[in-house]
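Novice: For reference, the file protein.txt (compact mmCIF, C-alpha atoms) is included below:
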# COMPACT_ATOMS: atom_id res chain seq x y z
CA MET A 248 -5.73 -2.49 -23.99
CA ALA A 249 -7.84 -5.67 -23.91
CA THR A 250 -6.21 -8.49 -25.86
CA LEU A 251 -8.07 -11.71 -26.61
CA LYS A 252 -6.46 -14.81 -28.10
CA PHE A 253 -8.39 -16.66 -30.78
CA LEU A 254 -8.26 -20.19 -29.43
CA ASN A 255 -9.23 -22.09 -32.58
CA VAL A 256 -6.53 -22.96 -35.10
CA GLN A 257 -8.88 -22.41 -38.05
CA ILE A 258 -10.79 -19.36 -39.24
CA THR A 259 -13.59 -20.63 -41.47
CA GLU A 260 -17.37 -20.51 -41.64
CA ASP A 261 -17.45 -23.02 -38.76
CA THR A 262 -15.66 -20.59 -36.42
CA PHE A 263 -17.08 -17.31 -37.75
CA GLU A 264 -19.39 -16.77 -34.75
CA GLN A 265 -16.38 -16.98 -32.44
CA VAL A 266 -14.50 -14.56 -34.70
CA LEU A 267 -17.36 -12.07 -34.41
CA HIS A 268 -17.35 -12.42 -30.62
CA ILE A 269 -13.63 -11.85 -30.21
CA PHE A 270 -13.59 -8.83 -32.54
CA ARG A 271 -16.52 -7.35 -30.65
CA GLU A 272 -14.95 -7.86 -27.21
CA ALA A 273 -11.26 -7.02 -27.76
CA GLN A 274 -9.25 -4.06 -28.96
CA GLU A 275 -6.34 -6.35 -29.86
CA ILE A 276 -7.03 -9.70 -31.50
CA ASP A 277 -4.35 -12.37 -31.17
CA LEU A 278 -4.30 -14.76 -34.15
CA HIS A 279 -0.83 -16.18 -33.39
CA ASP A 280 -1.96 -19.81 -33.23
CA VAL A 281 -4.07 -19.83 -36.40
CA THR A 282 -2.80 -22.47 -38.84
CA PHE A 283 -5.58 -22.33 -41.46
CA ILE A 284 -7.81 -19.61 -42.87
CA ASP A 285 -10.05 -19.95 -45.92
CA PRO A 286 -11.75 -17.35 -48.16
CA TYR A 287 -14.76 -17.13 -45.81
CA GLY A 288 -12.45 -16.39 -42.88
CA MET A 289 -10.43 -13.80 -44.78
CA VAL A 290 -13.37 -12.00 -46.34
CA GLY A 291 -15.21 -12.16 -42.99
CA ILE A 292 -12.35 -10.40 -41.19
CA LEU A 293 -12.23 -7.72 -43.90
CA GLU A 294 -15.97 -7.11 -43.63
CA ILE A 295 -15.63 -6.80 -39.86
CA GLY A 296 -12.90 -4.24 -40.59
CA GLU A 297 -15.20 -2.40 -43.01
CA LEU A 298 -17.90 -2.22 -40.33
CA LEU A 299 -15.46 -1.00 -37.66
CA LYS A 300 -14.11 1.63 -40.06
CA SER A 301 -17.65 2.94 -40.64
CA GLN A 302 -17.88 3.37 -36.86
CA GLY A 303 -14.53 5.14 -36.65
CA ILE A 304 -12.84 2.18 -34.92
CA GLN A 305 -9.47 0.67 -35.76
CA LYS A 306 -8.42 -2.47 -33.89
CA THR A 307 -5.12 -4.34 -33.84
CA LEU A 308 -4.49 -7.74 -35.43
CA LEU A 309 -1.63 -9.87 -34.12
CA LEU A 310 -0.96 -11.92 -37.24
CA PRO A 311 -0.55 -15.71 -37.32
CA GLU A 312 2.94 -17.03 -36.63
CA SER A 313 2.63 -19.75 -39.29
CA GLU A 314 4.64 -18.74 -42.34
CA GLU A 315 2.43 -20.93 -44.53
CA VAL A 316 -0.63 -18.96 -43.41
CA LEU A 317 1.16 -15.65 -43.99
CA LYS A 318 2.17 -16.78 -47.49
CA TYR A 319 -1.42 -17.71 -48.25
CA LEU A 320 -2.76 -14.39 -46.92
CA GLU A 321 -0.21 -12.58 -49.08
CA ARG A 322 -1.12 -14.63 -52.14
CA MET A 323 -4.82 -13.89 -51.64
CA ASP A 324 -4.17 -10.12 -51.36
CA PHE A 325 -5.49 -10.07 -47.78
CA PHE A 326 -2.87 -7.59 -46.56
CA ARG A 327 -3.67 -5.20 -49.40
CA PHE A 328 -7.07 -4.55 -47.81
CA ALA A 329 -6.50 -5.44 -44.15
CA SER A 330 -3.93 -2.68 -43.69
CA GLY A 331 -6.69 -0.15 -44.41
CA TYR A 332 -8.85 -1.48 -41.59
CA PHE A 333 -6.50 -2.72 -38.86
CA ASN A 334 -3.21 -2.03 -37.16
CA LEU A 335 -1.25 -5.10 -38.24
CA LYS A 336 1.47 -6.56 -36.03
CA PRO A 337 3.96 -7.07 -37.45
CA VAL A 338 3.34 -4.31 -39.98
CA GLN A 339 5.45 -6.12 -42.58
CA PRO A 340 5.13 -9.89 -42.01
CA GLN A 341 8.38 -11.76 -42.55
CA ILE A 342 7.73 -14.02 -45.53
CA SER A 343 10.95 -15.64 -46.65
CA GLU A 344 9.74 -16.37 -50.17
CA LYS A 345 6.82 -14.61 -51.79
CA ASN A 346 4.30 -17.18 -52.97
CA LEU A 347 4.15 -16.08 -56.57
CA ARG A 348 0.97 -16.72 -58.50
CA THR A 349 1.35 -19.21 -61.30
CA PHE A 350 -0.93 -21.05 -63.69
CA THR A 351 -0.70 -24.03 -61.35
CA SER A 352 -1.95 -21.94 -58.40
CA ASP A 353 -5.07 -23.15 -56.61
CA VAL A 354 -6.32 -19.57 -56.29
CA LEU A 355 -9.27 -19.07 -58.63
CA LEU A 356 -9.78 -15.48 -57.50
CA GLU A 357 -7.82 -13.40 -55.01
CA ILE A 358 -9.86 -11.30 -52.62
CA THR A 359 -11.55 -8.74 -54.85
CA PRO A 360 -13.81 -5.81 -53.92
CA ILE A 361 -17.26 -5.46 -55.46
CA GLU A 362 -18.54 -1.90 -55.67
CA LYS A 363 -19.76 -1.42 -59.23
CA SER A 364 -20.73 -3.41 -62.31
CA ASP A 365 -17.23 -2.99 -63.76
CA ASP A 366 -15.93 -5.02 -60.82
CA ILE A 367 -18.16 -7.94 -61.81
CA HIS A 368 -16.82 -7.80 -65.39
CA PHE A 369 -13.28 -7.93 -63.97
CA ILE A 370 -14.17 -10.85 -61.66
CA VAL A 371 -15.82 -12.84 -64.46
CA GLY A 372 -12.85 -12.21 -66.75
CA LYS A 373 -10.34 -13.30 -64.11
CA VAL A 374 -12.32 -16.45 -63.22
CA LYS A 375 -12.76 -17.37 -66.90
CA GLU A 376 -9.01 -16.98 -67.34
CA ARG A 377 -8.32 -19.55 -64.61
CA ALA A 378 -11.41 -21.74 -64.91
CA GLN A 379 -9.92 -24.27 -67.30
CA SER A 380 -6.86 -24.90 -65.15
CA ILE A 381 -8.87 -25.29 -61.92
CA LEU A 382 -12.54 -26.10 -62.59
CA ALA A 383 -11.84 -28.34 -65.59
CA LYS A 384 -8.65 -29.97 -64.36
CA HIS A 385 -9.45 -30.45 -60.67
CA LEU A 386 -13.26 -30.58 -60.56
CA HIS A 387 -13.70 -32.12 -64.02
CA TYR A 388 -16.34 -29.55 -65.00
CA ASP A 389 -17.01 -29.25 -68.72
CA GLU A 390 -17.46 -25.95 -70.56
CA ARG A 391 -21.23 -25.84 -70.02
CA VAL A 392 -20.88 -26.34 -66.27
CA ILE A 393 -18.10 -23.75 -66.08
CA ASN A 394 -20.34 -21.25 -67.87
CA ASP A 395 -23.16 -22.02 -65.43
CA PHE A 396 -20.71 -21.53 -62.57
CA ILE A 397 -19.65 -18.14 -63.91
CA VAL A 398 -23.27 -17.06 -64.38
CA SER A 399 -24.04 -18.09 -60.80
CA LEU A 400 -21.01 -16.20 -59.51
CA SER A 401 -22.12 -13.11 -61.45
CA GLU A 402 -25.60 -13.34 -59.90
CA VAL A 403 -24.21 -13.51 -56.36
CA CYS A 404 -21.94 -10.52 -57.00
CA GLN A 405 -24.73 -8.57 -58.70
CA ASN A 406 -26.85 -9.04 -55.58
CA ILE A 407 -24.29 -7.05 -53.60
CA ILE A 408 -24.52 -4.09 -55.98
CA GLU A 409 -28.31 -4.18 -56.20
CA HIS A 410 -29.21 -4.94 -52.60
CA SER A 411 -26.40 -4.19 -50.20
CA GLU A 412 -25.95 -0.44 -50.85
CA THR A 413 -22.28 -0.86 -49.93
CA LYS A 414 -19.20 -2.62 -51.26
CA GLY A 415 -18.48 -6.27 -50.75
CA PHE A 416 -15.64 -8.76 -51.19
CA VAL A 417 -15.30 -12.10 -52.97
CA GLY A 418 -12.57 -14.75 -52.81
CA ILE A 419 -12.33 -18.23 -54.41
CA GLN A 420 -9.90 -21.08 -53.71
CA LYS A 421 -9.53 -24.77 -54.56
CA TYR A 422 -8.73 -27.25 -51.78
CA HIS A 423 -8.21 -30.98 -51.50
CA PHE A 424 -10.39 -32.56 -48.79
CA GLN A 425 -8.35 -35.46 -47.45
CA ASN A 426 -11.27 -37.20 -45.74
CA MET A 427 -13.22 -37.30 -49.03
CA ASN A 428 -10.16 -37.58 -51.29
CA LYS A 429 -11.85 -34.96 -53.47
CA ASN A 430 -11.14 -31.45 -54.65
CA ILE A 431 -13.47 -28.71 -53.46
CA VAL A 432 -13.80 -25.10 -54.59
CA LYS A 433 -14.76 -22.63 -51.87
CA ILE A 434 -16.43 -19.33 -52.80
CA ALA A 435 -17.01 -16.60 -50.22
CA VAL A 436 -19.02 -13.48 -51.06
CA MET A 437 -19.90 -10.93 -48.37
CA ASP A 438 -21.09 -7.40 -47.74
CA ILE A 439 -22.20 -5.39 -44.70
CA GLY A 440 -25.13 -3.71 -46.43
CA ILE A 441 -28.82 -3.62 -45.55
CA GLY A 442 -29.29 -7.41 -45.57
CA PHE A 443 -32.20 -9.54 -46.76
CA ARG A 444 -34.80 -8.47 -44.24
CA MET A 445 -34.49 -4.73 -44.82
CA SER A 446 -34.18 -5.21 -48.57
CA LEU A 447 -37.34 -7.30 -48.83
CA SER A 448 -39.33 -5.39 -46.19
CA GLU A 449 -40.08 -2.75 -48.83
CA ARG A 450 -42.47 -5.28 -50.40
CA PHE A 451 -43.13 -7.97 -47.78
CA SER A 452 -44.06 -8.20 -44.13
CA LEU A 453 -41.32 -10.30 -42.54
CA LYS A 454 -41.04 -11.59 -38.98
CA SER A 455 -37.38 -12.54 -38.97
CA ASP A 456 -34.06 -12.60 -40.83
CA LEU A 457 -34.53 -16.32 -41.47
CA GLU A 458 -37.90 -15.74 -43.14
CA ALA A 459 -36.31 -13.11 -45.37
CA ILE A 460 -33.48 -15.44 -46.44
CA GLU A 461 -35.96 -18.25 -47.14
CA LYS A 462 -38.16 -15.94 -49.20
CA ALA A 463 -35.22 -14.88 -51.36
CA LEU A 464 -33.45 -18.22 -51.70
CA LEU A 465 -36.36 -20.66 -51.83
CA HIS A 466 -39.10 -18.51 -53.38
CA GLY A 467 -37.20 -16.09 -55.60
CA ALA A 468 -38.48 -12.95 -53.86
CA SER A 469 -36.91 -9.60 -54.75
CA ARG A 470 -37.14 -6.06 -53.42
CA TYR A 471 -38.11 -5.07 -56.96
CA ALA A 472 -41.63 -5.66 -58.25
CA GLU A 473 -40.67 -5.93 -61.93
CA LYS A 474 -41.36 -9.28 -63.52
CA GLY A 475 -38.31 -11.47 -63.84
CA ARG A 476 -36.48 -10.05 -60.83
CA GLY A 477 -35.40 -12.18 -57.89
CA HIS A 478 -34.35 -15.27 -59.82
CA GLY A 479 -30.60 -14.82 -59.32
CA LEU A 480 -30.27 -16.60 -55.99
CA ALA A 481 -32.77 -19.24 -57.06
CA ALA A 482 -30.53 -19.96 -60.07
CA VAL A 483 -27.52 -20.22 -57.77
CA ARG A 484 -29.41 -22.66 -55.55
CA ARG A 485 -30.35 -24.82 -58.55
CA PHE A 486 -26.74 -24.87 -59.76
CA VAL A 487 -25.42 -25.82 -56.31
CA ASN A 488 -28.05 -28.56 -55.96
CA GLN A 489 -27.35 -29.91 -59.43
CA TRP A 490 -23.66 -30.38 -58.65
CA ASN A 491 -24.15 -31.63 -55.10
CA GLY A 492 -22.64 -28.51 -53.57
CA MET A 493 -23.20 -26.70 -50.31
CA LEU A 494 -24.65 -23.21 -49.95
CA SER A 495 -25.05 -21.11 -46.83
CA ILE A 496 -26.44 -17.60 -46.45
CA ARG A 497 -26.04 -15.62 -43.24
CA SER A 498 -27.82 -12.30 -42.78
CA GLY A 499 -28.54 -10.35 -39.63
CA THR A 500 -29.08 -12.91 -36.88
CA ALA A 501 -29.87 -16.00 -38.97
CA LYS A 502 -28.27 -18.48 -41.34
CA LEU A 503 -29.86 -20.86 -43.82
CA SER A 504 -27.84 -23.67 -45.39
CA ILE A 505 -28.33 -26.28 -48.08
CA ILE A 506 -26.20 -29.20 -46.93
CA PRO A 507 -25.37 -32.25 -49.09
CA GLN A 508 -24.63 -35.64 -47.58
CA TRP A 509 -20.85 -35.15 -47.68
CA ALA A 510 -20.93 -31.92 -45.68
CA TRP A 511 -21.88 -30.95 -42.13
CA GLY A 512 -23.68 -28.17 -40.28
CA LYS A 513 -27.17 -27.01 -39.37
CA GLU A 514 -29.78 -26.16 -41.97
CA LYS A 515 -31.23 -23.31 -39.91
CA GLU A 516 -29.54 -21.19 -37.27
CA LEU A 517 -31.32 -18.51 -35.27
CA SER A 518 -30.42 -15.96 -32.59
CA LEU A 519 -26.89 -15.47 -33.88
CA ALA A 520 -24.95 -12.33 -32.98
CA HIS A 521 -26.21 -9.58 -35.26
CA PHE A 522 -23.93 -8.81 -38.18
CA PRO A 523 -25.16 -6.57 -40.99
CA GLY A 524 -25.41 -7.42 -44.66
CA THR A 525 -25.11 -10.85 -46.25
CA GLN A 526 -22.44 -13.54 -45.99
CA ILE A 527 -22.55 -16.31 -48.60
CA ASN A 528 -20.45 -19.46 -48.69
CA ILE A 529 -20.50 -21.95 -51.58
CA LEU A 530 -18.63 -25.26 -51.73
CA LEU A 531 -18.52 -27.14 -55.02
CA PRO A 532 -17.10 -30.69 -55.12
CA GLU A 533 -15.24 -32.55 -57.80
CA ILE A 534 -17.54 -34.54 -60.07
Written as structure tokens, that's how I'd like the structure from this file.

Specialist:
Amino acid sequence: MATLKFLNVQITEDTFEQVLHIFREAQEIDLHDVTFIDPYGMVGILEIGELLKSQGIQKTLLLPESEEVLKYLERMDFFRFASGYFNLKPVQPQISEKNLRTFTSDVLLEITPIEKSDDIHFIVGKVKERAQSILAKHLHYDERVINDFIVSLSEVCQNIIEHSETKGFVGIQKYHFQNMNKNIVKIAVMDIGIGFRMSLSERFSLKSDLEAIEKALLHGASRYAEKGRGHGLAAVRRFVNQWNGMLSIRSGTAKLSIIPQWAWGKEKELSLAHFPGTQINILLPEI
């Protein structure tokens, strides 16, 4: 059995391409040294698991040794879903003290599946319930901004139901960025559906995945011809721009990002390893 060790200590958007590579190459994935994993990393691993399951493949995950990471994965409900996709080692991670969720928790939304409209109602309700304690207290967003945030989140989730033709996952967490001395909320939403290019190719002639993402994000294109369709992602982009946030969309073999001055990364990435569906990452900073 081929075992590959993940050499980075973090599983985030920045290391996602390496994550894809190691899951593609190995039957057993060694995450022993991982000391940090964010919603993008967790949801990304679950979507890889969803893809492997559709192919009749079940790989083995050697879980991180860090108890703090295991506590966080438990708190985010990662194991609830991961056990359906992977052989986990150990099967029951030794967590000395369950990290119980409280009103002071930084988790805005545990990893939650998106398969039907009822899921979006549940997600919106859960986020509204915790918005005041996290978005208002830590990001200093007022009620209007919080409502705009929730509308934007609904639009991103709705896109999965309308365009992906499969289920997706969403997870949201607040962090404190030491180098900025600011709080940041990270939102990861992913699916392994048909992706932007196939979705839009019903109406448009597209040369690449990047062109498809640009058409949807920057020009409001939709697979549907009805007037008023296709504005969801454009509204998300406007909200992210208004609050100096970061937005990245990966689909197929390309990624397009809107990067504010405080963040890092490339605006356009091409020739990435193919991964189906759509992977969205949103970072919103404290005002």

Novice: Measuring atom to atom with all atoms listed in the file, identify which of A:Asn528, A:Ser504, A:Ser448, A:Gln489 is nearest to Lys433 of chain A.

Specialist: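 For Lys433 of chain A, the nearest of the candidates is A:Asn528.
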
Novice: Around the point (-0.7, -14.1, -34.8) in the file's coordinates, collect all residues with an atom within 8 Å, using only C-alpha atoms, and return them as number ranges by chain.

Specialist: A: 277-281, 308-313, 336

Novice: Identify which of the residues A:His368, A:Lys414, A:His385, A:Lys318 lies closest to Glu294 of chain A, counting all atoms listed in the file when measuring atom-to-atom distances.

Specialist: A:Lys414

Novice: Which residue is closest to Val290 of chain A? Choose from A:Asn491, A:Gln379, A:Thr525, A:Ser455 and count only C-alpha atoms.

Specialist: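 Closest residue, counting only C-alpha atoms: A:Thr525.
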
Novice: For Glu362 of chain A, please output as a list in words all residues within 12 Å (counting all atoms listed in the file; exclusion window: fewer than 5 positions along the same chain).

Specialist: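 Near Glu362 of chain A, the qualifying residues are Ile367, His368, Phe369, Ile370, Cys404, Gln405, Asn406, Ile407, Ile408, Glu409, His410, Ser411, Glu412, Thr413, Lys414, Gly415, Phe416, Val417, Met437, Asp438 and Gly440 of chain A.
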
Novice: Using the selection just defined, write its residues with C-alpha atoms as a PDB file, in the frame of the given file.

Specialist:
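Saved to out38.pdb:
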ATOM      1  CA  ILE A 367     -18.160  -7.940 -61.810  1.00  0.00           C
ATOM      2  CA  HIS A 368     -16.820  -7.800 -65.390  1.00  0.00           C
ATOM      3  CA  PHE A 369     -13.280  -7.930 -63.970  1.00  0.00           C
ATOM      4  CA  ILE A 370     -14.170 -10.850 -61.660  1.00  0.00           C
ATOM      5  CA  CYS A 404     -21.940 -10.520 -57.000  1.00  0.00           C
ATOM      6  CA  GLN A 405     -24.730  -8.570 -58.700  1.00  0.00           C
ATOM      7  CA  ASN A 406     -26.850  -9.040 -55.580  1.00  0.00           C
ATOM      8  CA  ILE A 407     -24.290  -7.050 -53.600  1.00  0.00           C
ATOM      9  CA  ILE A 408     -24.520  -4.090 -55.980  1.00  0.00           C
ATOM     10  CA  GLU A 409     -28.310  -4.180 -56.200  1.00  0.00           C
ATOM     11  CA  HIS A 410     -29.210  -4.940 -52.600  1.00  0.00           C
ATOM     12  CA  SER A 411     -26.400  -4.190 -50.200  1.00  0.00           C
ATOM     13  CA  GLU A 412     -25.950  -0.440 -50.850  1.00  0.00           C
ATOM     14  CA  THR A 413     -22.280  -0.860 -49.930  1.00  0.00           C
ATOM     15  CA  LYS A 414     -19.200  -2.620 -51.260  1.00  0.00           C
ATOM     16  CA  GLY A 415     -18.480  -6.270 -50.750  1.00  0.00           C
ATOM     17  CA  PHE A 416     -15.640  -8.760 -51.190  1.00  0.00           C
ATOM     18  CA  VAL A 417     -15.300 -12.100 -52.970  1.00  0.00           C
ATOM     19  CA  MET A 437     -19.900 -10.930 -48.370  1.00  0.00           C
ATOM     20  CA  ASP A 438     -21.090  -7.400 -47.740  1.00  0.00           C
ATOM     21  CA  GLY A 440     -25.130  -3.710 -46.430  1.00  0.00           C
TER      22      GLY A 440
END

Novice: Ranking A:Ser399, A:Gln526, A:Thr250, A:Gln420 by minimum distance to Val487 of chain A and counting all atoms listed in the file, which one comes first?

Specialist: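 Of all the options, A:Ser399 lies closest to Val487 of chain A.
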
Novice: Record the distance separating atom CA of Ile434 of chain A and atom CA of Met323 of chain A, expressed in Å with one decimal.

Specialist: 12.9 Å

Novice: With all atoms listed in the file as the atoms that count, which of A:Leu464, A:Ile276, A:Met289, A:Ile295 lies nearest to Leu335 of chain A?

Specialist: A:Ile276

Novice: Which is closer to Ser364 of chain A than all the others in A:Gly467, A:Ile460, A:Ser401, A:Ser380, using all atoms listed in the file?

Specialist: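 For Ser364 of chain A, the nearest of the candidates is A:Ser401.
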
Novice: Considering all atoms listed in the file, return as a PDB file with C-alpha atoms, in the coordinates of the input whatever protein or nucleic-acid residues lie within 8 Å of Asp456 of chain A, sequence-local ones (same chain, fewer than 3 positions apart) excluded.

Specialist:
ATOM      1  CA  PHE A 443     -32.200  -9.540 -46.760  1.00  0.00           C
ATOM      2  CA  ARG A 444     -34.800  -8.470 -44.240  1.00  0.00           C
ATOM      3  CA  LEU A 453     -41.320 -10.300 -42.540  1.00  0.00           C
ATOM      4  CA  ALA A 459     -36.310 -13.110 -45.370  1.00  0.00           C
ATOM      5  CA  ILE A 460     -33.480 -15.440 -46.440  1.00  0.00           C
ATOM      6  CA  SER A 498     -27.820 -12.300 -42.780  1.00  0.00           C
ATOM      7  CA  GLY A 499     -28.540 -10.350 -39.630  1.00  0.00           C
ATOM      8  CA  THR A 500     -29.080 -12.910 -36.880  1.00  0.00           C
ATOM      9  CA  ALA A 501     -29.870 -16.000 -38.970  1.00  0.00           C
TER      10      ALA A 501
END

Novice: Quote the spacing between atom CA of Phe325 of chain A and atom CA of Thr282 of chain A in Å to one decimal place.

Specialist: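 Atom CA of Thr282 of chain A lies 15.5 Å from atom CA of Phe325 of chain A.
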
Novice: Counting only C-alpha atoms, what is within 12 Å of Val392 of chain A, bar same-chain residues fewer than 6 positions away, as a ChimeraX atom specification?

Specialist: /A:378-379,382-383,386,398-399,486-487,489-490,531,533-534

Novice: Work out how far atom CA of Leu517 of chain A is from atom CA of Ile284 of chain A, in Å to one decimal.

Specialist: 24.7 Å

Novice: Take every atom of segment 364-374 of chain A listed in the file, pad by 8 Å on each side, and give me the axis-aligned box centre and edge lengths in Å, one decimal, as JSON.

Specialist:
{"center_x": -15.5, "center_y": -9.7, "center_z": -63.8, "size_x": 26.4, "size_y": 29.5, "size_z": 21.9}

Novice: So which residues touch Lys306 of chain A within 12 Å, counting only C-alpha atoms, skipping near sequence neighbours fewer than 3 positions away, as a ChimeraX atom specification?

Specialist: /A:248-251,269-277,292-293,295-300,302-303,309,329-336

Novice: Based on the selection just made, write C-alpha atoms of those residues as a short mmCIF file (atom, residue, chain, number, x, y, z; two decimals), in the frame of the given file.

Specialist:
data_model
loop_
_atom_site.label_atom_id
_atom_site.label_comp_id
_atom_site.auth_asym_id
_atom_site.auth_seq_id
_atom_site.Cartn_x
_atom_site.Cartn_y
_atom_site.Cartn_z
CA MET A 248 -5.73 -2.49 -23.99
CA ALA A 249 -7.84 -5.67 -23.91
CA THR A 250 -6.21 -8.49 -25.86
CA LEU A 251 -8.07 -11.71 -26.61
CA ILE A 269 -13.63 -11.85 -30.21
CA PHE A 270 -13.59 -8.83 -32.54
CA ARG A 271 -16.52 -7.35 -30.65
CA GLU A 272 -14.95 -7.86 -27.21
CA ALA A 273 -11.26 -7.02 -27.76
CA GLN A 274 -9.25 -4.06 -28.96
CA GLU A 275 -6.34 -6.35 -29.86
CA ILE A 276 -7.03 -9.70 -31.50
CA ASP A 277 -4.35 -12.37 -31.17
CA ILE A 292 -12.35 -10.40 -41.19
CA LEU A 293 -12.23 -7.72 -43.90
CA ILE A 295 -15.63 -6.80 -39.86
CA GLY A 296 -12.90 -4.24 -40.59
CA GLU A 297 -15.20 -2.40 -43.01
CA LEU A 298 -17.90 -2.22 -40.33
CA LEU A 299 -15.46 -1.00 -37.66
CA LYS A 300 -14.11 1.63 -40.06
CA GLN A 302 -17.88 3.37 -36.86
CA GLY A 303 -14.53 5.14 -36.65
CA LEU A 309 -1.63 -9.87 -34.12
CA ALA A 329 -6.50 -5.44 -44.15
CA SER A 330 -3.93 -2.68 -43.69
CA GLY A 331 -6.69 -0.15 -44.41
CA TYR A 332 -8.85 -1.48 -41.59
CA PHE A 333 -6.50 -2.72 -38.86
CA ASN A 334 -3.21 -2.03 -37.16
CA LEU A 335 -1.25 -5.10 -38.24
CA LYS A 336 1.47 -6.56 -36.03
#

Novice: Need to verify the contact set: Lys513 of chain A, 12 Å, only C-alpha atoms, exclusion of same-chain residues closer than 2 positions in sequence. Can you return it as a PyMOL selection string?

Specialist: chain A and resi 260-261+493-496+501-507+510-511+515-517

Novice: N, CA and C atoms are what I want for segment 308-326 of chain A; can you complete it accordingly and write them as a PDB file, keeping the file's coordinate frame?

Specialist:
ATOM      1  N   LEU A 308      -4.570  -6.312 -35.136  1.00  0.00           N
ATOM      2  CA  LEU A 308      -4.490  -7.740 -35.430  1.00  0.00           C
ATOM      3  C   LEU A 308      -3.072  -8.231 -35.206  1.00  0.00           C
ATOM      4  N   LEU A 309      -2.912  -9.190 -34.287  1.00  0.00           N
ATOM      5  CA  LEU A 309      -1.630  -9.870 -34.120  1.00  0.00           C
ATOM      6  C   LEU A 309      -1.647 -11.053 -35.088  1.00  0.00           C
ATOM      7  N   LEU A 310      -0.868 -10.975 -36.132  1.00  0.00           N
ATOM      8  CA  LEU A 310      -0.960 -11.920 -37.240  1.00  0.00           C
ATOM      9  C   LEU A 310      -0.493 -13.325 -36.857  1.00  0.00           C
ATOM     10  N   PRO A 311      -0.980 -14.331 -37.586  1.00  0.00           N
ATOM     11  CA  PRO A 311      -0.550 -15.710 -37.320  1.00  0.00           C
ATOM     12  C   PRO A 311       0.962 -15.857 -37.408  1.00  0.00           C
ATOM     13  N   GLU A 312       1.498 -16.774 -36.604  1.00  0.00           N
ATOM     14  CA  GLU A 312       2.940 -17.030 -36.630  1.00  0.00           C
ATOM     15  C   GLU A 312       3.330 -17.988 -37.757  1.00  0.00           C
ATOM     16  N   SER A 313       2.360 -18.786 -38.225  1.00  0.00           N
ATOM     17  CA  SER A 313       2.630 -19.750 -39.290  1.00  0.00           C
ATOM     18  C   SER A 313       3.013 -19.045 -40.583  1.00  0.00           C
ATOM     19  N   GLU A 314       4.206 -19.360 -41.090  1.00  0.00           N
ATOM     20  CA  GLU A 314       4.640 -18.740 -42.340  1.00  0.00           C
ATOM     21  C   GLU A 314       3.787 -19.199 -43.514  1.00  0.00           C
ATOM     22  N   GLU A 315       3.306 -20.443 -43.459  1.00  0.00           N
ATOM     23  CA  GLU A 315       2.430 -20.930 -44.530  1.00  0.00           C
ATOM     24  C   GLU A 315       1.150 -20.113 -44.613  1.00  0.00           C
ATOM     25  N   VAL A 316       0.591 -19.777 -43.442  1.00  0.00           N
ATOM     26  CA  VAL A 316      -0.630 -18.960 -43.410  1.00  0.00           C
ATOM     27  C   VAL A 316      -0.329 -17.559 -43.938  1.00  0.00           C
ATOM     28  N   LEU A 317       0.794 -16.987 -43.525  1.00  0.00           N
ATOM     29  CA  LEU A 317       1.160 -15.650 -43.990  1.00  0.00           C
ATOM     30  C   LEU A 317       1.368 -15.630 -45.505  1.00  0.00           C
ATOM     31  N   LYS A 318       1.994 -16.683 -46.035  1.00  0.00           N
ATOM     32  CA  LYS A 318       2.170 -16.780 -47.490  1.00  0.00           C
ATOM     33  C   LYS A 318       0.824 -16.809 -48.199  1.00  0.00           C
ATOM     34  N   TYR A 319      -0.090 -17.574 -47.630  1.00  0.00           N
ATOM     35  CA  TYR A 319      -1.420 -17.710 -48.250  1.00  0.00           C
ATOM     36  C   TYR A 319      -2.162 -16.381 -48.191  1.00  0.00           C
ATOM     37  N   LEU A 320      -2.104 -15.686 -47.052  1.00  0.00           N
ATOM     38  CA  LEU A 320      -2.760 -14.390 -46.920  1.00  0.00           C
ATOM     39  C   LEU A 320      -2.181 -13.399 -47.929  1.00  0.00           C
ATOM     40  N   GLU A 321      -0.867 -13.452 -48.107  1.00  0.00           N
ATOM     41  CA  GLU A 321      -0.210 -12.580 -49.080  1.00  0.00           C
ATOM     42  C   GLU A 321      -0.678 -12.903 -50.495  1.00  0.00           C
ATOM     43  N   ARG A 322      -0.731 -14.193 -50.800  1.00  0.00           N
ATOM     44  CA  ARG A 322      -1.120 -14.630 -52.140  1.00  0.00           C
ATOM     45  C   ARG A 322      -2.562 -14.252 -52.466  1.00  0.00           C
ATOM     46  N   MET A 323      -3.407 -14.229 -51.448  1.00  0.00           N
ATOM     47  CA  MET A 323      -4.820 -13.890 -51.640  1.00  0.00           C
ATOM     48  C   MET A 323      -5.095 -12.390 -51.554  1.00  0.00           C
ATOM     49  N   ASP A 324      -4.054 -11.590 -51.437  1.00  0.00           N
ATOM     50  CA  ASP A 324      -4.170 -10.120 -51.360  1.00  0.00           C
ATOM     51  C   ASP A 324      -4.860  -9.640 -50.091  1.00  0.00           C
ATOM     52  N   PHE A 325      -4.850 -10.450 -49.048  1.00  0.00           N
ATOM     53  CA  PHE A 325      -5.490 -10.070 -47.780  1.00  0.00           C
ATOM     54  C   PHE A 325      -4.867  -8.803 -47.200  1.00  0.00           C
ATOM     55  N   PHE A 326      -3.541  -8.727 -47.192  1.00  0.00           N
ATOM     56  CA  PHE A 326      -2.870  -7.590 -46.560  1.00  0.00           C
ATOM     57  C   PHE A 326      -3.153  -6.284 -47.301  1.00  0.00           C
TER      58      PHE A 326
END
